[in-house]
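Here is the structure we will look at.
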Amino acid sequence: MRHLSATAIAVATAAGLAWPAQAETIAVFTKSQTNPLAVAVRVGSDAAAKALGAKVVHYLPNKADSVPDQVLQIDDAIAAKPDAVVFIPVDVKALVPAVEKLNAAGIPVTNIVDKVAGGKLVAFVGADDYNVGRETARHLFKAMGGNGNVVILEGQAGTLTNTARLQGFNDALKEFSGIKLLASKPANYQRRQAVEVTDELLRSFPQIDGVLAANDPMAIGAADALDKAKRKALVAGINGSKEAVDLIKAGRLAVSGEFDGFALGCLGIEAAVRDLRKQPVPTEVILPPTVIDKGNAERYETPIAQRQCPKLDDVTKR
């Protein structure tokens, strides 16, 4: 490794990473410094690398979801010459040329979370956003007794994750004739923005019985807005984050569809290392949908830093 971006150096140093002479170096790209999913991916990546005797350098954008930041960081990574890359693209189309640059540099790319639209990949490891969205919506609508008014908080427009989750939400709506959709508005996966959007929706509609959010931070923002307005509604999110699990147990959220960033980080690293060690790697791994509610929340209480990584062989046998 000849060169690291300032961010990557800071993260590697803060994590106290060991740098054994013969260990494979994996550069891991996430889209945000603080988003719970990105944090979980990094924790899973570190856990898997430690177990496999590899080492990780994290590249975090200075600004969340910034295409220019990620393009520059890929240039940094190419100069640093890691053995492999585990990659979440900020934009699945705009980052194709960057993946092709990694290909041209001979650096194998394992893609996780959002499937990039081009370039040569070792594997894609992700979750089925459509089914996660549909199952989460079904659980919420059943908790509402199959009747009532619902609003949707959308994620970032144009992203595959948001598009697939919204399609799942809307297909679930077709199954419940007693559920009426009042509005569907973007809050861009941001908690603060979700508070503002929910405030606006609460002023516009005197009766909201359910809020369906495309991720946990937006669901938590909606719960904050409901509390502030002294209004009641059942709220659903997606991620299965520890904060969401705690709020489900406390009764502030109804459900959260699990999108297991920790597992995706683990499996992405395992796929990258297995490829470097000339071991077989499945070209695609899709985690099945799971929805967390009060009935099963205790299973998800373990902090991600204390969880055990799943194995590729076990996941692909399901």
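Just so we're on the same page: first chain in the structure tokens is A, next is B, and so on; residues restart at 1 for each chain, and ligands are numbered from 1 in the order they show up.
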### Message
With only C-alpha atoms as the counted atoms, please give the residues lying no more than 9 Å from Ala157 (chain A), apart from itself and same-chain residues fewer than 5 positions off, as an MDAnalysis selection string.
### Response
chainID A and resid 162:163 186 188
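Non-sequential neighbours of Ser32 (chain A) (distance at most 7 Å, separation of 2 or more positions within a chain, only C-alpha atoms) are Thr30, Thr34, Asn35, Ala38, Leu60, Pro61, Ala64 and Asp65 of chain A.
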With N, CA and C atoms retained, export the selected residues as a CSV table (one decimal), in the first residue's frame.
chain,number,residue,atom,x,y,z
A,30,THR,N,-18.0,2.6,1.6
A,30,THR,CA,-19.4,2.8,2.0
A,30,THR,C,-19.8,4.2,1.6
A,34,THR,N,-22.1,8.1,8.8
A,34,THR,CA,-23.0,8.0,10.0
A,34,THR,C,-24.2,7.1,9.8
A,35,ASN,N,-24.6,6.9,8.6
A,35,ASN,CA,-25.8,6.1,8.4
A,35,ASN,C,-25.7,4.7,9.0
A,38,ALA,N,-24.4,1.8,6.8
A,38,ALA,CA,-23.0,1.9,6.5
A,38,ALA,C,-22.1,1.6,7.7
A,60,LEU,N,-14.5,6.4,3.4
A,60,LEU,CA,-15.7,7.1,3.7
A,60,LEU,C,-15.8,8.4,3.0
A,61,PRO,N,-17.0,8.7,2.4
A,61,PRO,CA,-17.1,10.0,1.7
A,61,PRO,C,-17.1,11.1,2.7
A,64,ALA,N,-22.1,12.5,2.5
A,64,ALA,CA,-22.8,11.3,2.2
A,64,ALA,C,-23.4,11.3,0.8
A,65,ASP,N,-23.3,10.1,0.2
A,65,ASP,CA,-23.8,9.9,-1.2
A,65,ASP,C,-23.2,10.9,-2.2
Kindly provide the residues of region 79-150 of chain A that approach region 226-239 of chain A to within 9 Å, each paired with its closest atom pair and their distance in Å to one decimal, based on only C-alpha atoms, listed by chain and increasing number, as CSV.
residue,atom,partner,partner_atom,distance
A:Val132,CA,A:Ile238,CA,7.8
A:Gly133,CA,A:Ile238,CA,7.6
A:Thr136,CA,A:Ala236,CA,7.1
A:Ala137,CA,A:Ala236,CA,7.6
A:His139,CA,A:Ala236,CA,8.6
A:Leu140,CA,A:Ala236,CA,6.4
A:Ala143,CA,A:Leu234,CA,7.9
A:Met144,CA,A:Leu234,CA,7.3
A:Val150,CA,A:Ala233,CA,8.9
Now that the selection is made, can you save its residues with N, CA and C atoms as an mmCIF file, in the first residue's frame?
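Once written, result_13.cif looks like this:
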data_model
loop_
_atom_site.group_PDB
_atom_site.id
_atom_site.type_symbol
_atom_site.label_atom_id
_atom_site.label_comp_id
_atom_site.auth_asym_id
_atom_site.auth_seq_id
_atom_site.Cartn_x
_atom_site.Cartn_y
_atom_site.Cartn_z
ATOM 1 N N VAL A 132 -38.253 -7.273 0.984
ATOM 2 C CA VAL A 132 -38.157 -6.642 2.304
ATOM 3 C C VAL A 132 -39.234 -5.557 2.428
ATOM 4 N N GLY A 133 -39.384 -4.744 1.388
ATOM 5 C CA GLY A 133 -40.398 -3.701 1.408
ATOM 6 C C GLY A 133 -41.801 -4.263 1.499
ATOM 7 N N THR A 136 -42.430 -5.938 4.964
ATOM 8 C CA THR A 136 -42.539 -4.915 6.011
ATOM 9 C C THR A 136 -43.908 -4.248 5.954
ATOM 10 N N ALA A 137 -44.335 -3.879 4.749
ATOM 11 C CA ALA A 137 -45.648 -3.253 4.592
ATOM 12 C C ALA A 137 -46.763 -4.199 5.028
ATOM 13 N N HIS A 139 -46.652 -6.546 7.238
ATOM 14 C CA HIS A 139 -46.682 -6.624 8.707
ATOM 15 C C HIS A 139 -47.329 -5.378 9.304
ATOM 16 N N LEU A 140 -47.009 -4.209 8.762
ATOM 17 C CA LEU A 140 -47.610 -2.979 9.274
ATOM 18 C C LEU A 140 -49.123 -2.986 9.059
ATOM 19 N N ALA A 143 -50.838 -5.186 11.425
ATOM 20 C CA ALA A 143 -50.857 -4.587 12.765
ATOM 21 C C ALA A 143 -51.920 -3.502 12.851
ATOM 22 N N MET A 144 -52.258 -2.879 11.720
ATOM 23 C CA MET A 144 -53.314 -1.867 11.663
ATOM 24 C C MET A 144 -54.703 -2.492 11.562
ATOM 25 N N VAL A 150 -52.596 5.543 5.624
ATOM 26 C CA VAL A 150 -51.148 5.393 5.740
ATOM 27 C C VAL A 150 -50.441 6.416 4.859
#
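If you count only C-alpha atoms and ignore residues fewer than 4 places along the chain from Gly119 (chain A), what sits within 9 Å of it is Val96, Pro97, Ala98, Val99, Glu100, Lys101, Leu102, Asn103 and Val109 of chain A.
Closest approach to Lys242 (chain A) among A:Val85, A:Ala77, A:Ile304, A:Cys309 is made by A:Ile304 (distances from only C-alpha atoms).
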### Task
From region 36-107 of chain A, collect each residue whose DSSP state is strand (DSSP E or B) and return the set as a VMD selection string.
chain A and resid 55 to 59 84 to 87
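Nearest residue to Thr110 (chain A) among A:Phe29, A:Phe141, A:Phe176, A:Phe87 is A:Phe87, counting only C-alpha atoms.
When DSSP is run on the backbone, the residues of region 85-159 of chain A that fall into helix (DSSP H, G or I) are Val96, Pro97, Ala98, Val99, Glu100, Lys101, Leu102, Asn103, Ala104, Asp129, Tyr130, Asn131, Val132, Gly133, Arg134, Glu135, Thr136, Ala137, Arg138, His139, Leu140, Phe141, Lys142 and Ala143 of chain A.
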Residues at most 10 Å from Asn215 (chain A), counting only C-alpha atoms, excluding those fewer than 6 positions away in the same chain, as a tab-separated table (two decimals) with N, CA and C atoms, in the first residue's frame?
chain	number	residue	atom	x	y	z
A	36	PRO	N	-26.71	4.22	9.79
A	36	PRO	CA	-26.58	2.95	10.52
A	36	PRO	C	-26.22	1.76	9.63
A	37	LEU	N	-26.76	1.73	8.41
A	37	LEU	CA	-26.43	0.63	7.51
A	37	LEU	C	-24.95	0.65	7.16
A	133	GLY	N	-39.38	-4.74	1.39
A	133	GLY	CA	-40.40	-3.70	1.41
A	133	GLY	C	-41.80	-4.26	1.50
A	153	LEU	N	-42.87	7.40	3.61
A	153	LEU	CA	-41.67	8.24	3.55
A	153	LEU	C	-40.68	7.53	2.64
A	154	GLU	N	-40.42	8.13	1.50
A	154	GLU	CA	-39.54	7.53	0.50
A	154	GLU	C	-38.08	7.85	0.81
A	155	GLY	N	-37.19	7.03	0.25
A	155	GLY	CA	-35.76	7.30	0.36
A	155	GLY	C	-35.29	8.23	-0.74
A	162	ASN	N	-34.37	2.31	-3.12
A	162	ASN	CA	-35.62	3.02	-2.89
A	162	ASN	C	-36.70	2.57	-3.87
A	165	ARG	N	-37.98	-0.93	-2.84
A	165	ARG	CA	-38.77	-0.92	-1.60
A	165	ARG	C	-40.13	-0.28	-1.84
A	187	ALA	N	-38.04	11.64	1.95
A	187	ALA	CA	-37.28	12.22	3.06
A	187	ALA	C	-35.81	11.82	2.97
A	188	ASN	N	-35.45	11.20	1.82
A	188	ASN	CA	-34.04	10.97	1.45
A	188	ASN	C	-33.23	10.19	2.48
A	189	TYR	N	-33.90	9.26	3.16
A	189	TYR	CA	-33.23	8.39	4.13
A	189	TYR	C	-32.68	9.14	5.35
A	190	GLN	N	-33.12	10.39	5.56
A	190	GLN	CA	-32.56	11.22	6.63
A	190	GLN	C	-33.56	11.41	7.77
A	191	ARG	N	-33.11	11.20	9.00
A	191	ARG	CA	-33.99	11.33	10.16
A	191	ARG	C	-34.55	12.75	10.31
A	236	ALA	N	-43.42	1.89	10.67
A	236	ALA	CA	-42.55	0.81	10.21
A	236	ALA	C	-41.34	1.39	9.50
A	237	GLY	N	-40.19	0.75	9.69
A	237	GLY	CA	-38.97	1.14	8.99
A	237	GLY	C	-38.32	-0.08	8.37
A	238	ILE	N	-37.13	0.13	7.83
A	238	ILE	CA	-36.33	-0.96	7.26
A	238	ILE	C	-34.87	-0.73	7.65
A	239	ASN	N	-34.24	-1.75	8.13
A	239	ASN	CA	-32.80	-1.87	8.47
A	239	ASN	C	-32.60	-2.88	9.58
A	240	GLY	N	-33.54	-2.90	10.54
A	240	GLY	CA	-33.33	-3.77	11.70
A	240	GLY	C	-32.20	-3.26	12.57
A	241	SER	N	-32.03	-1.93	12.64
A	241	SER	CA	-30.95	-1.36	13.44
A	241	SER	C	-31.22	-1.56	14.93
A	244	ALA	N	-33.73	0.85	16.25
A	244	ALA	CA	-35.10	0.48	15.87
A	244	ALA	C	-35.62	-0.67	16.73
A	256	SER	N	-39.71	-3.39	11.85
A	256	SER	CA	-38.61	-2.97	10.98
A	256	SER	C	-38.20	-4.17	10.13
A	257	GLY	N	-38.18	-3.98	8.82
A	257	GLY	CA	-37.68	-5.02	7.95
A	257	GLY	C	-36.17	-5.10	8.05
A	258	GLU	N	-35.66	-6.28	8.25
A	258	GLU	CA	-34.21	-6.41	8.44
A	258	GLU	C	-33.47	-6.29	7.11
A	259	PHE	N	-32.57	-5.34	7.04
A	259	PHE	CA	-31.61	-5.22	5.94
A	259	PHE	C	-30.25	-5.25	6.62
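Using only C-alpha atoms, the shortest contact distance between Ala27 (chain A) and any of A:Val291, A:Leu182, A:Leu166, A:Ala272 is found at A:Ala272.
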### Message
At a cut-off of 10 Å, using only C-alpha atoms, what residues contact Asp114 (chain A)? Leave out same-chain residues fewer than 3 positions from it and give the result as number ranges by chain.
### Response
A: 87-92, 111, 117, 124-127, 129, 159-161
Put those residues in a file: C-alpha atoms, as an mmCIF file, in the first residue's frame.
data_model
loop_
_atom_site.group_PDB
_atom_site.id
_atom_site.type_symbol
_atom_site.label_atom_id
_atom_site.label_comp_id
_atom_site.auth_asym_id
_atom_site.auth_seq_id
_atom_site.Cartn_x
_atom_site.Cartn_y
_atom_site.Cartn_z
ATOM 1 C CA PHE A 87 -17.837 -1.684 -2.964
ATOM 2 C CA ILE A 88 -21.164 0.039 -2.300
ATOM 3 C CA PRO A 89 -21.673 2.501 -5.167
ATOM 4 C CA VAL A 90 -23.075 5.935 -4.334
ATOM 5 C CA ASP A 91 -24.826 5.808 -7.712
ATOM 6 C CA VAL A 92 -25.191 2.487 -9.529
ATOM 7 C CA ASN A 111 -20.170 -5.388 -4.964
ATOM 8 C CA ALA A 117 -24.917 -1.338 -13.424
ATOM 9 C CA PHE A 124 -22.825 -9.298 -5.777
ATOM 10 C CA VAL A 125 -24.009 -9.681 -2.176
ATOM 11 C CA GLY A 126 -27.279 -7.998 -1.282
ATOM 12 C CA ALA A 127 -30.774 -8.272 0.089
ATOM 13 C CA ASP A 129 -35.256 -4.872 -1.371
ATOM 14 C CA THR A 159 -31.694 4.640 -6.209
ATOM 15 C CA LEU A 160 -32.366 0.963 -6.834
ATOM 16 C CA THR A 161 -32.936 0.352 -3.128
#
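Distance-wise, CA of Ala214 (chain A) and CA of Leu181 (chain A) end up 15.0 Å apart.
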